[in-house]
file upload_14.cif (mmCIF, N, CA and C atoms)
data_work
#
loop_
_atom_site.label_atom_id
_atom_site.label_comp_id
_atom_site.auth_asym_id
_atom_site.auth_seq_id
_atom_site.Cartn_x
_atom_site.Cartn_y
_atom_site.Cartn_z
N MET A 37 100.10 118.38 109.05
CA MET A 37 100.75 117.15 108.67
C MET A 37 101.58 117.39 107.41
N HIS A 38 102.78 116.86 107.37
CA HIS A 38 103.65 117.02 106.22
C HIS A 38 103.11 116.24 105.02
N ALA A 39 103.34 116.76 103.84
CA ALA A 39 102.82 116.14 102.62
C ALA A 39 103.21 114.67 102.51
N PHE A 40 104.44 114.34 102.88
CA PHE A 40 104.88 112.96 102.73
C PHE A 40 104.25 112.04 103.77
N ASP A 41 103.80 112.59 104.89
CA ASP A 41 103.03 111.78 105.85
C ASP A 41 101.71 111.36 105.22
N ILE A 42 101.11 112.27 104.48
CA ILE A 42 99.85 111.98 103.79
C ILE A 42 100.09 110.97 102.68
N LEU A 43 101.10 111.20 101.86
CA LEU A 43 101.37 110.35 100.71
C LEU A 43 101.95 109.00 101.09
N GLY A 44 102.39 108.85 102.32
CA GLY A 44 102.97 107.59 102.76
C GLY A 44 101.97 106.46 102.90
N ASP A 45 100.70 106.79 102.96
CA ASP A 45 99.68 105.77 103.13
C ASP A 45 99.23 105.23 101.78
N PRO A 46 99.28 103.90 101.57
CA PRO A 46 98.93 103.35 100.25
C PRO A 46 97.47 103.57 99.85
N VAL A 47 96.56 103.61 100.81
CA VAL A 47 95.15 103.86 100.48
C VAL A 47 95.00 105.29 99.98
N ARG A 48 95.61 106.24 100.65
CA ARG A 48 95.52 107.64 100.20
C ARG A 48 96.18 107.83 98.84
N ARG A 49 97.33 107.15 98.64
CA ARG A 49 97.97 107.25 97.31
C ARG A 49 97.05 106.70 96.23
N ARG A 50 96.38 105.60 96.49
CA ARG A 50 95.48 105.01 95.49
C ARG A 50 94.32 105.95 95.20
N ILE A 51 93.77 106.56 96.23
CA ILE A 51 92.68 107.52 96.01
C ILE A 51 93.17 108.67 95.13
N LEU A 52 94.36 109.17 95.40
CA LEU A 52 94.90 110.26 94.59
C LEU A 52 95.17 109.81 93.16
N GLU A 53 95.59 108.57 92.98
CA GLU A 53 95.77 108.05 91.62
C GLU A 53 94.45 108.06 90.87
N LEU A 54 93.38 107.65 91.53
CA LEU A 54 92.06 107.69 90.90
C LEU A 54 91.67 109.12 90.56
N LEU A 55 91.87 110.03 91.50
CA LEU A 55 91.49 111.43 91.27
C LEU A 55 92.35 112.09 90.20
N ALA A 56 93.55 111.60 90.01
CA ALA A 56 94.42 112.17 88.97
C ALA A 56 93.84 111.95 87.57
N THR A 57 92.95 110.97 87.43
CA THR A 57 92.33 110.71 86.12
C THR A 57 91.09 111.58 85.91
N GLY A 58 90.66 112.31 86.94
CA GLY A 58 89.49 113.17 86.85
C GLY A 58 88.65 113.07 88.10
N GLU A 59 87.58 113.83 88.13
CA GLU A 59 86.69 113.82 89.29
C GLU A 59 86.02 112.46 89.44
N HIS A 60 85.79 112.08 90.71
CA HIS A 60 85.09 110.83 91.01
C HIS A 60 84.15 111.06 92.17
N SER A 61 83.02 110.36 92.13
CA SER A 61 82.11 110.42 93.27
C SER A 61 82.67 109.59 94.41
N SER A 62 82.23 109.92 95.61
CA SER A 62 82.70 109.16 96.77
C SER A 62 82.30 107.69 96.62
N GLY A 63 81.14 107.42 96.06
CA GLY A 63 80.70 106.04 95.84
C GLY A 63 81.64 105.27 94.93
N ASP A 64 82.09 105.92 93.85
CA ASP A 64 83.04 105.27 92.93
C ASP A 64 84.35 104.98 93.64
N ILE A 65 84.82 105.94 94.42
CA ILE A 65 86.08 105.77 95.13
C ILE A 65 85.97 104.64 96.14
N VAL A 66 84.87 104.62 96.89
CA VAL A 66 84.65 103.56 97.87
C VAL A 66 84.62 102.20 97.19
N ALA A 67 83.96 102.10 96.04
CA ALA A 67 83.86 100.82 95.35
C ALA A 67 85.24 100.30 94.95
N VAL A 68 86.05 101.16 94.35
CA VAL A 68 87.37 100.74 93.87
C VAL A 68 88.32 100.46 95.03
N VAL A 69 88.45 101.42 95.91
CA VAL A 69 89.42 101.31 97.01
C VAL A 69 88.98 100.23 98.00
N GLY A 70 87.70 100.17 98.28
CA GLY A 70 87.20 99.14 99.18
C GLY A 70 87.50 97.74 98.65
N ARG A 71 87.29 97.54 97.36
CA ARG A 71 87.56 96.24 96.73
C ARG A 71 89.05 95.93 96.74
N GLU A 72 89.88 96.90 96.36
CA GLU A 72 91.32 96.66 96.26
C GLU A 72 92.00 96.45 97.61
N PHE A 73 91.53 97.15 98.64
CA PHE A 73 92.19 97.09 99.95
C PHE A 73 91.38 96.31 100.99
N GLY A 74 90.17 95.92 100.63
CA GLY A 74 89.34 95.18 101.57
C GLY A 74 88.96 96.00 102.79
N ILE A 75 88.66 97.28 102.58
CA ILE A 75 88.29 98.15 103.71
C ILE A 75 86.86 98.64 103.53
N THR A 76 86.29 99.12 104.61
CA THR A 76 84.89 99.54 104.62
C THR A 76 84.70 100.93 104.03
N GLN A 77 83.44 101.25 103.77
CA GLN A 77 83.09 102.58 103.29
C GLN A 77 83.53 103.63 104.30
N SER A 78 83.37 103.34 105.56
CA SER A 78 83.76 104.27 106.62
C SER A 78 85.26 104.54 106.60
N ALA A 79 86.05 103.50 106.38
CA ALA A 79 87.51 103.66 106.34
C ALA A 79 87.94 104.49 105.13
N VAL A 80 87.29 104.27 103.99
CA VAL A 80 87.60 105.07 102.79
C VAL A 80 87.20 106.52 103.03
N SER A 81 86.04 106.73 103.62
CA SER A 81 85.58 108.10 103.91
C SER A 81 86.57 108.82 104.83
N GLN A 82 87.11 108.10 105.78
CA GLN A 82 88.08 108.69 106.69
C GLN A 82 89.33 109.14 105.92
N GLN A 83 89.77 108.32 104.98
CA GLN A 83 90.95 108.68 104.17
C GLN A 83 90.64 109.87 103.26
N LEU A 84 89.43 109.93 102.73
CA LEU A 84 89.04 111.09 101.92
C LEU A 84 89.05 112.36 102.77
N ARG A 85 88.60 112.25 104.00
CA ARG A 85 88.62 113.41 104.91
C ARG A 85 90.04 113.88 105.17
N VAL A 86 90.95 112.93 105.40
CA VAL A 86 92.36 113.28 105.61
C VAL A 86 92.91 114.02 104.40
N LEU A 87 92.62 113.52 103.21
CA LEU A 87 93.10 114.17 101.98
C LEU A 87 92.51 115.58 101.83
N ARG A 88 91.24 115.74 102.16
CA ARG A 88 90.61 117.07 102.09
C ARG A 88 91.24 118.02 103.09
N GLU A 89 91.36 117.58 104.32
CA GLU A 89 91.89 118.45 105.37
C GLU A 89 93.36 118.81 105.13
N ALA A 90 94.09 117.93 104.46
CA ALA A 90 95.50 118.18 104.17
C ALA A 90 95.68 119.00 102.89
N GLY A 91 94.59 119.27 102.17
CA GLY A 91 94.67 120.09 100.97
C GLY A 91 95.02 119.35 99.70
N PHE A 92 94.98 118.02 99.71
CA PHE A 92 95.28 117.24 98.51
C PHE A 92 94.05 116.99 97.65
N ALA A 93 92.87 117.12 98.23
CA ALA A 93 91.63 116.86 97.50
C ALA A 93 90.58 117.89 97.90
N SER A 94 89.65 118.10 96.99
CA SER A 94 88.51 118.97 97.28
C SER A 94 87.24 118.17 97.02
N VAL A 95 86.15 118.65 97.57
CA VAL A 95 84.87 117.98 97.39
C VAL A 95 83.81 119.03 97.09
N ARG A 96 82.86 118.64 96.27
CA ARG A 96 81.71 119.51 95.99
C ARG A 96 80.47 118.64 95.94
N ALA A 97 79.37 119.24 96.30
CA ALA A 97 78.09 118.53 96.28
C ALA A 97 77.51 118.55 94.87
N ASP A 98 76.96 117.42 94.47
CA ASP A 98 76.22 117.31 93.22
C ASP A 98 74.95 116.55 93.55
N GLY A 99 73.94 117.29 94.01
CA GLY A 99 72.74 116.64 94.54
C GLY A 99 73.12 115.91 95.82
N ALA A 100 72.81 114.63 95.87
CA ALA A 100 73.14 113.82 97.05
C ALA A 100 74.55 113.26 96.98
N ARG A 101 75.17 113.38 95.82
CA ARG A 101 76.52 112.83 95.65
C ARG A 101 77.58 113.83 96.06
N ARG A 102 78.72 113.31 96.46
CA ARG A 102 79.91 114.12 96.75
C ARG A 102 80.95 113.79 95.69
N ILE A 103 81.42 114.84 95.02
CA ILE A 103 82.38 114.66 93.93
C ILE A 103 83.74 115.16 94.40
N TYR A 104 84.74 114.31 94.28
CA TYR A 104 86.09 114.63 94.73
C TYR A 104 86.99 114.92 93.54
N ALA A 105 87.96 115.80 93.76
CA ALA A 105 88.95 116.17 92.74
C ALA A 105 90.29 116.42 93.42
N VAL A 106 91.36 116.32 92.65
CA VAL A 106 92.70 116.62 93.14
C VAL A 106 92.84 118.13 93.29
N GLU A 107 93.54 118.53 94.33
CA GLU A 107 93.93 119.94 94.52
C GLU A 107 95.42 120.04 94.20
N PRO A 108 95.79 120.62 93.07
CA PRO A 108 97.20 120.61 92.65
C PRO A 108 98.15 121.43 93.51
N ALA A 109 97.65 122.41 94.23
CA ALA A 109 98.56 123.30 94.99
C ALA A 109 99.43 122.52 95.97
N ARG A 110 98.87 121.55 96.64
CA ARG A 110 99.65 120.81 97.64
C ARG A 110 100.74 119.97 96.97
N PHE A 111 100.51 119.55 95.74
CA PHE A 111 101.53 118.78 95.02
C PHE A 111 102.72 119.66 94.64
N ARG A 112 102.51 120.95 94.55
CA ARG A 112 103.63 121.86 94.28
C ARG A 112 104.64 121.82 95.41
N GLU A 113 104.15 121.67 96.65
CA GLU A 113 105.04 121.54 97.80
C GLU A 113 105.92 120.30 97.65
N VAL A 114 105.34 119.21 97.21
CA VAL A 114 106.11 117.98 96.98
C VAL A 114 107.10 118.19 95.86
N ASP A 115 106.66 118.82 94.79
CA ASP A 115 107.54 119.09 93.64
C ASP A 115 108.70 119.99 94.04
N ASP A 116 108.43 121.00 94.85
CA ASP A 116 109.50 121.89 95.31
C ASP A 116 110.53 121.12 96.13
N TRP A 117 110.08 120.21 96.97
CA TRP A 117 111.00 119.41 97.77
C TRP A 117 111.83 118.50 96.86
N LEU A 118 111.20 117.92 95.86
CA LEU A 118 111.92 117.04 94.94
C LEU A 118 112.96 117.78 94.11
N ASP A 119 112.77 119.08 93.96
CA ASP A 119 113.73 119.90 93.20
C ASP A 119 115.16 119.72 93.70
N HIS A 120 115.30 119.49 94.99
CA HIS A 120 116.64 119.30 95.57
C HIS A 120 117.33 118.06 95.04
N PHE A 121 116.58 117.13 94.48
CA PHE A 121 117.12 115.83 94.08
C PHE A 121 117.11 115.60 92.58
N ARG A 122 116.53 116.52 91.82
CA ARG A 122 116.44 116.33 90.37
C ARG A 122 117.82 116.22 89.71
N SER A 123 118.81 116.85 90.30
CA SER A 123 120.15 116.80 89.70
C SER A 123 120.70 115.38 89.66
N PHE A 124 120.13 114.49 90.47
CA PHE A 124 120.58 113.10 90.47
C PHE A 124 120.08 112.33 89.25
N TRP A 125 118.88 112.65 88.78
CA TRP A 125 118.35 111.86 87.68
C TRP A 125 118.18 112.61 86.36
N LEU A 126 118.11 113.93 86.36
CA LEU A 126 117.91 114.65 85.10
C LEU A 126 119.04 114.45 84.09
N PRO A 127 120.32 114.49 84.50
CA PRO A 127 121.37 114.24 83.51
C PRO A 127 121.27 112.85 82.89
N LYS A 128 120.88 111.89 83.69
CA LYS A 128 120.73 110.52 83.17
C LYS A 128 119.57 110.43 82.18
N LEU A 129 118.48 111.12 82.48
CA LEU A 129 117.35 111.13 81.55
C LEU A 129 117.70 111.87 80.27
N ASP A 130 118.47 112.95 80.38
CA ASP A 130 118.91 113.67 79.19
C ASP A 130 119.80 112.79 78.32
N ALA A 131 120.70 112.04 78.97
CA ALA A 131 121.59 111.13 78.23
C ALA A 131 120.78 110.03 77.55
N LEU A 132 119.78 109.52 78.23
CA LEU A 132 118.91 108.50 77.64
C LEU A 132 118.18 109.06 76.43
N ALA A 133 117.66 110.26 76.54
CA ALA A 133 116.97 110.89 75.40
C ALA A 133 117.90 111.04 74.21
N THR A 134 119.15 111.40 74.46
CA THR A 134 120.14 111.52 73.39
C THR A 134 120.36 110.17 72.71
N GLU A 135 120.51 109.11 73.49
CA GLU A 135 120.72 107.78 72.93
C GLU A 135 119.51 107.29 72.14
N VAL A 136 118.33 107.58 72.62
CA VAL A 136 117.12 107.20 71.90
C VAL A 136 117.06 107.93 70.56
N ALA A 137 117.38 109.22 70.56
CA ALA A 137 117.39 109.99 69.32
C ALA A 137 118.42 109.45 68.34
N ARG A 138 119.60 109.08 68.83
CA ARG A 138 120.63 108.50 67.96
C ARG A 138 120.13 107.20 67.34
N GLY A 139 119.49 106.37 68.15
CA GLY A 139 118.97 105.10 67.63
C GLY A 139 117.93 105.32 66.56
N LYS A 140 117.07 106.31 66.72
CA LYS A 140 116.05 106.61 65.72
C LYS A 140 116.70 107.10 64.42
N ARG A 141 117.75 107.94 64.56
CA ARG A 141 118.44 108.44 63.36
C ARG A 141 119.10 107.29 62.61
N LYS A 142 119.72 106.36 63.35
CA LYS A 142 120.38 105.22 62.70
C LYS A 142 119.38 104.36 61.96
N ARG A 143 118.21 104.16 62.51
CA ARG A 143 117.19 103.34 61.85
C ARG A 143 116.66 104.02 60.61
N ARG A 144 116.61 105.35 60.59
CA ARG A 144 116.08 106.09 59.42
C ARG A 144 117.11 106.27 58.33
N SER A 145 118.38 106.27 58.69
CA SER A 145 119.40 106.56 57.68
C SER A 145 119.54 105.39 56.71
N PRO A 146 119.64 105.69 55.40
CA PRO A 146 119.78 104.64 54.38
C PRO A 146 121.15 103.99 54.49
N LYS A 147 121.22 102.71 54.23
CA LYS A 147 122.49 101.98 54.32
C LYS A 147 123.13 101.84 52.98
#

call {"tool": "encode", "arguments": {"input": "upload_14.cif", "output": "structure tokens"}}
result
Amino acid sequence: MHAFDILGDPVRRRILELLATGEHSSGDIVAVVGREFGITQSAVSQQLRVLREAGFASVRADGARRIYAVEPARFREVDDWLDHFRSFWLPKLDALATEVARGKRKRRSPK
């Protein structure tokens, strides 16, 4: 499955947002995602499986708990694809940074 097919699902994106802040137990993920999306533990588990099988997340056992984490390698594929489009926004961001720096200099300079 292509990376963007995986990321196209809002439940999977939310799970990855949670994992981006650090490791989480499956119970924690189910509690948050289940509440936000109104879906069952089984549905969240299915989405976690999709993320694992697609290489976006990993899982490890911690006693009876399952701890999930982001797998950064698959995000490199997304980043590589986005490289084709960075030329559209990087010059604008550079120009914005220049204007912000000018504004800071003007505020610091004595009148």

call {"tool": "atom_distance", "arguments": {"input": "upload_14.cif", "atom1": "atom N of Gly74 (chain A)", "atom2": "atom N of Leu55 (chain A)"}}
result
16.9 Å

call {"tool": "resolve_selection", "arguments": {"input": "upload_14.cif", "expression": "the PyMOL selection byres ((chain A and resi 47-49) around 8)", "output": "list in words"}}
result
Ile42, Leu43, Gly44, Asp45, Pro46, Arg50, Ile51, Leu52, Glu53, Leu54, Leu55, Val69, Phe73, Val80, Gln83, Leu84 and Leu87 of chain A

call {"tool": "atom_distance", "arguments": {"input": "upload_14.cif", "atom1": "CA of Gly70 (chain A)", "atom2": "CA of Ala97 (chain A)"}}
result
21.6 Å

call {"tool": "resolve_selection", "arguments": {"input": "upload_14.cif", "expression": "the PyMOL selection byres ((chain A and resi 104-115) around 6)", "output": "NGL selection string"}}
result
:A and (55-56 or 58-62 or 91-96 or 102-103 or 116-119)

call {"tool": "select_by_dssp", "arguments": {"input": "upload_14.cif", "residues": "chain A", "states": "alpha helix (DSSP H)", "output": "PyMOL selection string"}}
result
chain A and resi 39-43+46-56+62-73+77-89+108-118+122-144
